[in-house]
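Dropping structure.txt in here (compact mmCIF, C-alpha atoms):
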```
# COMPACT_ATOMS: atom_id res chain seq x y z
CA MET A 1 -0.09 -7.16 -20.50
CA LYS A 2 1.82 -8.04 -17.33
CA ALA A 3 1.04 -6.28 -14.04
CA LEU A 4 3.30 -6.14 -11.01
CA VAL A 5 1.34 -5.61 -7.79
CA ALA A 6 3.05 -4.75 -4.49
CA VAL A 7 1.36 -5.87 -1.27
CA LYS A 8 2.37 -5.07 2.32
CA ARG A 9 1.69 -6.86 5.60
CA VAL A 10 0.25 -4.43 8.15
CA PRO A 11 -1.48 -4.59 11.56
CA ASP A 12 -5.22 -5.13 11.45
CA GLY A 13 -6.83 -1.74 11.93
CA ASN A 14 -9.64 -3.26 13.99
CA ALA A 15 -7.22 -4.21 16.79
CA PRO A 16 -5.92 -1.58 19.26
CA LEU A 17 -2.23 -0.80 18.95
CA ARG A 18 0.14 -1.26 21.87
CA LEU A 19 3.46 0.51 22.31
CA LYS A 20 6.62 -1.22 23.46
CA MET A 21 7.62 -0.59 27.05
CA ASP A 22 10.59 1.55 25.97
CA CYS A 23 8.41 3.54 23.49
CA SER A 24 10.70 2.50 20.65
CA GLY A 25 7.81 1.48 18.40
CA VAL A 26 4.59 -0.48 18.12
CA ASP A 27 4.48 -3.87 19.84
CA LEU A 28 3.44 -6.35 17.14
CA ALA A 29 3.65 -9.43 19.37
CA GLY A 30 0.31 -11.21 19.11
CA MET A 31 -1.08 -8.46 16.88
CA PRO A 32 -3.42 -9.71 14.12
CA MET A 33 -1.99 -8.84 10.71
CA ARG A 34 -3.53 -8.48 7.27
CA ILE A 35 -2.83 -7.30 3.73
CA ASN A 36 -2.76 -3.51 3.43
CA PRO A 37 -6.34 -2.50 2.41
CA PHE A 38 -5.10 -0.10 -0.29
CA ASP A 39 -2.89 -2.82 -1.79
CA GLU A 40 -5.80 -5.24 -1.64
CA ALA A 41 -7.92 -2.80 -3.66
CA ALA A 42 -5.09 -2.49 -6.19
CA LEU A 43 -4.82 -6.26 -6.47
CA GLU A 44 -8.58 -6.70 -6.86
CA TRP A 45 -8.59 -4.19 -9.72
CA ALA A 46 -5.77 -6.09 -11.44
CA VAL A 47 -7.59 -9.41 -10.98
CA GLN A 48 -10.76 -7.93 -12.46
CA ARG A 49 -8.78 -6.71 -15.49
CA LYS A 50 -7.27 -10.19 -15.83
CA GLU A 51 -10.74 -11.75 -15.78
CA ALA A 52 -11.77 -9.27 -18.48
CA GLY A 53 -8.80 -10.30 -20.63
CA THR A 54 -6.93 -6.99 -20.41
CA ILE A 55 -4.14 -8.25 -18.13
CA SER A 56 -2.53 -11.59 -18.96
CA GLU A 57 -0.35 -12.12 -15.87
CA ILE A 58 -0.25 -10.73 -12.33
CA VAL A 59 2.96 -10.90 -10.32
CA ALA A 60 2.64 -10.12 -6.61
CA VAL A 61 5.58 -8.93 -4.50
CA SER A 62 6.00 -8.25 -0.81
CA ILE A 63 9.02 -7.01 1.14
CA GLY A 64 9.75 -8.20 4.68
CA GLY A 65 10.24 -11.33 6.76
CA ASN A 66 8.92 -14.85 6.27
CA ALA A 67 5.58 -13.82 7.77
CA CYS A 68 4.93 -11.86 4.55
CA GLN A 69 4.39 -15.20 2.81
CA GLU A 70 0.94 -15.23 4.39
CA THR A 71 0.20 -11.93 2.64
CA LEU A 72 1.45 -13.35 -0.65
CA ARG A 73 -0.71 -16.47 -0.18
CA HIS A 74 -3.66 -14.12 0.16
CA ALA A 75 -2.64 -12.43 -3.11
CA LEU A 76 -2.32 -15.80 -4.87
CA ALA A 77 -5.74 -16.84 -3.56
CA MET A 78 -7.23 -13.63 -4.97
CA GLY A 79 -5.85 -14.38 -8.44
CA ALA A 80 -2.16 -13.50 -8.69
CA ASP A 81 -0.23 -15.91 -10.93
CA ARG A 82 3.22 -15.70 -9.31
CA ALA A 83 4.67 -14.23 -6.14
CA PHE A 84 8.02 -12.86 -4.97
CA LEU A 85 9.17 -12.29 -1.41
CA ILE A 86 12.06 -9.84 -1.11
CA ALA A 87 13.61 -10.79 2.21
CA ALA A 88 14.20 -7.93 4.64
CA GLU A 89 14.92 -8.28 8.34
CA HIS A 90 13.47 -4.84 9.13
CA ALA A 91 10.73 -2.94 7.33
CA PRO A 92 12.52 -0.82 4.69
CA GLU A 93 11.81 2.86 4.24
CA PRO A 94 9.76 4.08 1.23
CA LEU A 95 12.81 4.99 -0.87
CA ALA A 96 14.37 1.57 -0.29
CA VAL A 97 11.05 -0.09 -1.20
CA ALA A 98 10.91 1.97 -4.40
CA LYS A 99 14.48 0.94 -5.32
CA LEU A 100 13.72 -2.74 -4.69
CA LEU A 101 10.54 -2.57 -6.77
CA ARG A 102 12.42 -0.80 -9.57
CA ALA A 103 15.03 -3.57 -9.60
CA LEU A 104 12.33 -6.25 -9.73
CA ALA A 105 10.51 -4.34 -12.48
CA GLU A 106 13.69 -4.20 -14.56
CA ARG A 107 13.95 -7.96 -14.14
CA GLU A 108 10.28 -8.82 -14.79
CA GLN A 109 9.54 -6.10 -17.38
CA PRO A 110 5.88 -5.46 -16.44
CA ASP A 111 3.70 -3.14 -18.49
CA LEU A 112 2.02 -1.79 -15.37
CA ILE A 113 2.88 -1.50 -11.67
CA VAL A 114 -0.04 -1.18 -9.27
CA LEU A 115 0.13 -0.60 -5.52
CA GLY A 116 -1.90 1.04 -2.80
CA LYS A 117 -1.68 4.81 -2.47
CA GLN A 118 -0.38 4.37 1.09
CA ALA A 119 0.12 1.78 3.79
CA SER A 120 -2.35 1.82 6.64
CA ASP A 121 0.41 1.55 9.26
CA ASP A 122 2.64 4.51 8.35
CA ASP A 123 0.50 6.51 5.86
CA ASN A 124 3.56 7.82 4.00
CA ALA A 125 2.10 7.65 0.45
CA GLN A 126 5.64 8.03 -0.92
CA THR A 127 6.55 4.73 -2.57
CA ALA A 128 4.51 5.06 -5.78
CA PRO A 129 5.77 8.56 -6.73
CA MET A 130 9.35 7.59 -5.88
CA LEU A 131 9.09 4.40 -7.94
CA ALA A 132 7.69 6.28 -10.95
CA ALA A 133 10.51 8.82 -10.69
CA LEU A 134 13.19 6.12 -10.48
CA LEU A 135 11.77 4.29 -13.50
CA GLY A 136 11.01 7.45 -15.46
CA TRP A 137 7.43 6.23 -15.97
CA PRO A 138 4.23 8.28 -15.90
CA GLN A 139 2.21 7.96 -12.71
CA GLY A 140 -1.43 8.13 -11.68
CA VAL A 141 -1.62 8.33 -7.91
CA PHE A 142 -4.73 8.14 -5.69
CA ALA A 143 -6.63 6.49 -8.54
CA SER A 144 -10.35 5.92 -7.96
CA ASN A 145 -10.99 4.55 -11.48
CA VAL A 146 -8.69 3.24 -14.22
CA ALA A 147 -9.68 2.27 -17.77
CA LEU A 148 -7.52 1.11 -20.67
CA GLU A 149 -8.30 2.65 -24.06
CA ASN A 150 -6.07 2.27 -27.14
CA ASN A 151 -3.05 1.25 -25.05
CA THR A 152 -3.51 4.35 -22.89
CA LEU A 153 -4.62 4.39 -19.26
CA GLN A 154 -7.43 6.77 -18.36
CA VAL A 155 -6.88 7.41 -14.65
CA THR A 156 -9.50 9.22 -12.61
CA ARG A 157 -8.27 10.68 -9.35
CA GLU A 158 -10.07 12.76 -6.78
CA ILE A 159 -8.61 16.19 -6.09
CA GLU A 160 -9.77 19.11 -3.99
CA GLY A 161 -12.98 20.40 -5.47
CA GLY A 162 -13.58 17.63 -8.00
CA GLN A 163 -11.94 14.97 -10.13
CA GLU A 164 -8.99 14.89 -12.50
CA VAL A 165 -8.58 12.51 -15.45
CA LEU A 166 -5.10 11.65 -16.68
CA ALA A 167 -4.15 9.91 -19.92
CA LEU A 168 -1.02 7.83 -19.32
CA PRO A 169 0.94 5.81 -21.88
CA LEU A 170 2.26 2.42 -20.85
CA PRO A 171 4.34 1.43 -18.98
CA ALA A 172 3.02 3.34 -15.96
CA VAL A 173 2.73 3.31 -12.18
CA ILE A 174 -0.72 3.41 -10.55
CA SER A 175 -1.48 3.83 -6.85
CA ALA A 176 -4.97 2.81 -5.77
CA ASP A 177 -7.49 4.54 -3.59
CA LEU A 178 -9.96 2.30 -1.76
CA ARG A 179 -12.62 3.35 -4.28
CA LEU A 180 -10.76 1.67 -7.13
CA ALA A 181 -12.13 -1.81 -6.35
CA ASN A 182 -13.98 -3.67 -3.62
CA PRO A 183 -11.95 -6.80 -2.70
CA ARG A 184 -13.70 -10.12 -3.12
CA TYR A 185 -14.44 -12.59 -0.34
CA LEU A 186 -12.04 -15.52 -0.47
CA LYS A 187 -13.34 -19.06 -0.14
CA LEU A 188 -11.56 -21.96 1.55
CA PRO A 189 -10.71 -23.83 -1.73
CA GLN A 190 -8.97 -20.71 -3.04
CA LEU A 191 -6.89 -20.41 0.13
CA LEU A 192 -5.97 -24.10 0.06
CA GLN A 193 -4.97 -23.92 -3.59
CA ALA A 194 -2.78 -20.87 -2.89
CA LYS A 195 -0.84 -22.83 -0.26
CA LYS A 196 0.36 -25.22 -2.97
CA LYS A 197 1.88 -22.47 -5.13
CA THR A 198 5.57 -21.56 -5.00
CA ILE A 199 6.77 -18.23 -3.65
CA GLU A 200 10.21 -17.22 -4.94
CA THR A 201 12.41 -15.54 -2.35
CA LEU A 202 14.96 -12.91 -3.36
CA ASN A 203 17.58 -11.11 -1.32
CA PRO A 204 18.12 -7.37 -1.84
CA SER A 205 21.72 -8.13 -2.85
CA GLU A 206 20.43 -10.21 -5.77
CA LEU A 207 18.61 -7.11 -6.98
CA GLY A 208 21.64 -4.88 -6.44
CA VAL A 209 20.01 -2.85 -3.68
CA ALA A 210 21.25 -2.21 -0.14
CA PRO A 211 18.17 -1.04 1.84
CA ALA A 212 20.16 0.75 4.57
CA PRO A 213 18.01 2.98 6.81
CA ARG A 214 18.29 6.73 6.26
CA LEU A 215 16.01 7.79 9.11
CA GLU A 216 16.37 7.40 12.88
CA LEU A 217 13.27 6.81 14.99
CA LEU A 218 13.71 8.71 18.24
CA GLY A 219 10.60 7.45 19.96
CA VAL A 220 6.88 6.78 19.81
CA ALA A 221 4.34 8.15 22.27
CA PRO A 222 0.55 7.95 22.53
CA PRO A 223 -1.39 11.16 21.82
CA PRO A 224 -2.26 13.31 24.85
CA ALA A 225 -5.61 12.67 26.45
CA ARG A 226 -8.37 14.95 25.24
CA LYS A 227 -9.93 17.43 27.60
CA PRO A 228 -13.61 16.78 28.39
CA ALA A 229 -16.06 18.52 26.08
CA VAL A 230 -17.80 21.67 27.26
CA LYS A 231 -21.37 22.50 26.29
CA VAL A 232 -22.13 26.16 25.66
CA ALA A 233 -25.47 27.91 25.42
CA ASP A 234 -24.80 30.09 22.38
CA ALA A 235 -22.15 31.53 20.08
CA ARG A 236 -21.40 34.43 22.41
CA GLU A 237 -20.44 32.06 25.21
CA LEU A 238 -18.35 30.00 22.75
CA VAL A 239 -16.37 33.10 21.66
CA ALA A 240 -15.77 34.07 25.29
CA LEU A 241 -14.54 30.56 26.07
CA LEU A 242 -12.18 30.54 23.09
CA ARG A 243 -10.69 33.86 24.14
CA GLN A 244 -10.26 32.54 27.64
CA GLU A 245 -8.31 29.57 26.24
CA GLY A 246 -6.07 31.97 24.31
CA LEU A 247 -7.41 31.09 20.87
CA PRO A 248 -7.96 33.83 18.24
```
Can you dump the structure from the file as structure tokens?
Amino acid sequence: MKALVAVKRVPDGNAPLRLKMDCSGVDLAGMPMRINPFDEAALEWAVQRKEAGTISEIVAVSIGGNACQETLRHALAMGADRAFLIAAEHAPEPLAVAKLLRALAEREQPDLIVLGKQASDDDNAQTAPMLAALLGWPQGVFASNVALENNTLQVTREIEGGQEVLALPLPAVISADLRLANPRYLKLPQLLQAKKKTIETLNPSELGVAPAPRLELLGVAPPPARKPAVKVADARELVALLRQEGLP
């Protein structure tokens, strides 16, 4: 069984974000970058299934500039067999990403597509459902556990008030929650070996996709500063304070 795993390069969540002077977006100059944690969990799950003999080949793909090769090297070091970089000057929107992944899937013919449930930089959580709809494949989003039984995926996903288990025939699209797998620690020999592997670069035109933007970003602004906390003696004083602030 072949698995296609999408990985995205995102800012490191441990570093504070800075806005550009014109508030047109986040200033990424000098910002430490990393693989999207949700995608890393998806990749770790696929690697574990490969080690167990369920998955025979893992193909990693990232969309963006040349800097995304670092993310793909990380994926190769974790255990991916091959890697594709779909060149894009600007970060494409979720629908464009879904169309590019569909085109690559039609070319590679994977049995399973696995990606994170969302990216930690924009939190859209749209790509996986859009991709499944474009392909006409069943989907299991926000997966916290996935098992393969009799050529059917048993996908456990957390919902409000409990858990839901889906039975999906292959091929299928899975989006991973962080609970799906705990990524392994990479050692230096693995990283060095990954640097020797070839990353194939594709242009969107080769896949028949034109990732033109459909949205216009008007501006980015930091959240307003919070008012200082107020300590109250009891519930009566709290209710009076809320009414004073105009809250119901």
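Of note, atom CA of A:Leu207 and atom CA of A:Asn36 are spaced 24.0 Å apart.
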query: Between A:Pro92, A:Gly116, A:Pro138, A:Gly25, which one has atoms that come closest to A:Ala210, using only C-alpha atoms?
result: A:Pro92
- prompt: Suppose you want the space between atom CA of A:Glu149 and atom CA of A:Asp111; what is it in Å?
  reply: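 Value for the atom CA of A:Glu149-atom CA of A:Asp111 distance: 14.4 Å.
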query: Any idea what's packed within 6 Å of A:Asp12, counting all atoms listed in the file, ignoring anything in its chain fewer than 2 positions away? Could you give it as a PyMOL selection string?
result: chain A and resi 14-15+32-34
Selection to disk with C-alpha atoms, as a PDB file, keeping the file's coordinate frame:
```pdb
ATOM      1  CA  ASN A  14      -9.640  -3.260  13.990  1.00  0.00           C
ATOM      2  CA  ALA A  15      -7.220  -4.210  16.790  1.00  0.00           C
ATOM      3  CA  PRO A  32      -3.420  -9.710  14.120  1.00  0.00           C
ATOM      4  CA  MET A  33      -1.990  -8.840  10.710  1.00  0.00           C
ATOM      5  CA  ARG A  34      -3.530  -8.480   7.270  1.00  0.00           C
TER       6      ARG A  34
END
```
- request: Have a look at atom CA of A:Gln109 and atom CA of A:Glu158 and let me know their distance in Å, one decimal.
  value: 29.2 Å
query: Skipping near chain neighbours, those fewer than 4 positions away, what residues fall within 10 Å of A:Lys197 using only C-alpha atoms, listed as a PyMOL selection string?
result: chain A and resi 73+76-77+81-83+192-193
query: So, counting only C-alpha atoms, which residue among A:Leu95, A:Val61, A:Ala233, A:Leu85 is closest to A:Ala212?
result: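 Residue with the minimum atom-to-atom distance to A:Ala212: A:Leu95.
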For stretch 87-103 of chain A, what centre and edge lengths in Å (one decimal) does the axis-aligned box get once 6 Å is added on each side of all its listed atoms, as lines of an AutoDock Vina configuration file?
```
center_x = 12.4
center_y = -2.9
center_z = -0.2
size_x = 17.3
size_y = 27.8
size_z = 30.7
```
message: List as a ChimeraX atom specification the residues having at least one atom at most 12 Å from position (6.6, 4.9, -9.2) as given in the file, counting only C-alpha atoms.
response: /A:4-6,94-95,97-103,105,112-117,125-141,171-175
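Every protein, DNA or RNA residue with an atom at most 9 Å from A:Cys23, where all atoms listed in the file count and chain neighbours fewer than 2 positions away do not, is listed here: Leu19, Lys20, Met21, Gly25, Val26, Gly219, Val220 and Ala221 of chain A.
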message: Give me the residues near A:Ala143 as a list in words, where near means some atom within 6 Å (using only C-alpha atoms) and where sequence neighbours in that chain fewer than 6 positions away do not count.
response: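 Neighbouring residues, sequence-local ones excluded: Thr156, Arg157, Ala176 and Asp177 of chain A.
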Residues as selected, C-alpha atoms, written as a PDB file, in the frame of the given file, can you do that?
```pdb
ATOM      1  CA  THR A 156      -9.500   9.220 -12.610  1.00  0.00           C
ATOM      2  CA  ARG A 157      -8.270  10.680  -9.350  1.00  0.00           C
ATOM      3  CA  ALA A 176      -4.970   2.810  -5.770  1.00  0.00           C
ATOM      4  CA  ASP A 177      -7.490   4.540  -3.590  1.00  0.00           C
TER       5      ASP A 177
END
```
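Counting only C-alpha atoms, A:Gly79 has the following residues at most 9 Å away, ignoring those fewer than 5 positions along the same chain: A:Leu43, A:Glu44, A:Ala46, A:Val47, A:Lys50, A:Ile58, A:His74, A:Gln190.
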- request: For the point (-6.1, -8.8, -2.4) in the file's frame, write as a PyMOL selection string all residues with an atom no more than 8 Å away, counting all atoms listed in the file.
  value: chain A and resi 35+37+39-44+74-75+78+183-184
query: Which residue gives the smallest distance to A:Gln48 among A:Lys187, A:Ala181, A:Thr198, A:Ala88, with only C-alpha atoms counted?
result: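 Of the candidates, the smallest distance to A:Gln48 is held by A:Ala181.
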message: Given only C-alpha atoms as the basis, pick out the residue of A:Trp45, A:Glu216, A:Lys231, A:Pro222 nearest to A:Ser144.
response: A:Trp45
What would stretch 228-239 of chain A look like if you wrote it out as a PDB file, in the first residue's frame, with N, CA and C atoms included, from the block I just posted?
```pdb
ATOM      1  N   PRO A 228      -6.714  44.889  32.776  1.00  0.00           N
ATOM      2  CA  PRO A 228      -6.230  44.195  33.977  1.00  0.00           C
ATOM      3  C   PRO A 228      -7.360  43.470  34.693  1.00  0.00           C
ATOM      4  N   ALA A 229      -7.046  42.332  35.270  1.00  0.00           N
ATOM      5  CA  ALA A 229      -8.046  41.538  35.988  1.00  0.00           C
ATOM      6  C   ALA A 229      -8.506  42.263  37.247  1.00  0.00           C
ATOM      7  N   VAL A 230      -9.759  41.985  37.606  1.00  0.00           N
ATOM      8  CA  VAL A 230     -10.348  42.584  38.804  1.00  0.00           C
ATOM      9  C   VAL A 230     -10.765  41.464  39.753  1.00  0.00           C
ATOM     10  N   LYS A 231     -10.351  41.558  40.986  1.00  0.00           N
ATOM     11  CA  LYS A 231     -10.711  40.555  41.981  1.00  0.00           C
ATOM     12  C   LYS A 231     -11.952  41.008  42.737  1.00  0.00           C
ATOM     13  N   VAL A 232     -12.939  40.112  42.808  1.00  0.00           N
ATOM     14  CA  VAL A 232     -14.184  40.426  43.504  1.00  0.00           C
ATOM     15  C   VAL A 232     -14.313  39.552  44.736  1.00  0.00           C
ATOM     16  N   ALA A 233     -15.117  40.019  45.668  1.00  0.00           N
ATOM     17  CA  ALA A 233     -15.254  39.316  46.949  1.00  0.00           C
ATOM     18  C   ALA A 233     -16.210  38.142  46.857  1.00  0.00           C
ATOM     19  N   ASP A 234     -17.288  38.296  46.087  1.00  0.00           N
ATOM     20  CA  ASP A 234     -18.292  37.227  46.007  1.00  0.00           C
ATOM     21  C   ASP A 234     -19.056  37.352  44.700  1.00  0.00           C
ATOM     22  N   ALA A 235     -20.019  36.431  44.521  1.00  0.00           N
ATOM     23  CA  ALA A 235     -20.789  36.396  43.289  1.00  0.00           C
ATOM     24  C   ALA A 235     -21.660  37.637  43.131  1.00  0.00           C
ATOM     25  N   ARG A 236     -22.161  38.171  44.208  1.00  0.00           N
ATOM     26  CA  ARG A 236     -23.015  39.356  44.135  1.00  0.00           C
ATOM     27  C   ARG A 236     -22.244  40.536  43.518  1.00  0.00           C
ATOM     28  N   GLU A 237     -21.004  40.710  43.990  1.00  0.00           N
ATOM     29  CA  GLU A 237     -20.181  41.788  43.461  1.00  0.00           C
ATOM     30  C   GLU A 237     -19.827  41.536  41.990  1.00  0.00           C
ATOM     31  N   LEU A 238     -19.634  40.262  41.614  1.00  0.00           N
ATOM     32  CA  LEU A 238     -19.337  39.917  40.233  1.00  0.00           C
ATOM     33  C   LEU A 238     -20.503  40.280  39.321  1.00  0.00           C
ATOM     34  N   VAL A 239     -21.750  39.943  39.754  1.00  0.00           N
ATOM     35  CA  VAL A 239     -22.934  40.259  38.950  1.00  0.00           C
ATOM     36  C   VAL A 239     -23.077  41.765  38.786  1.00  0.00           C
TER      37      VAL A 239
END
```
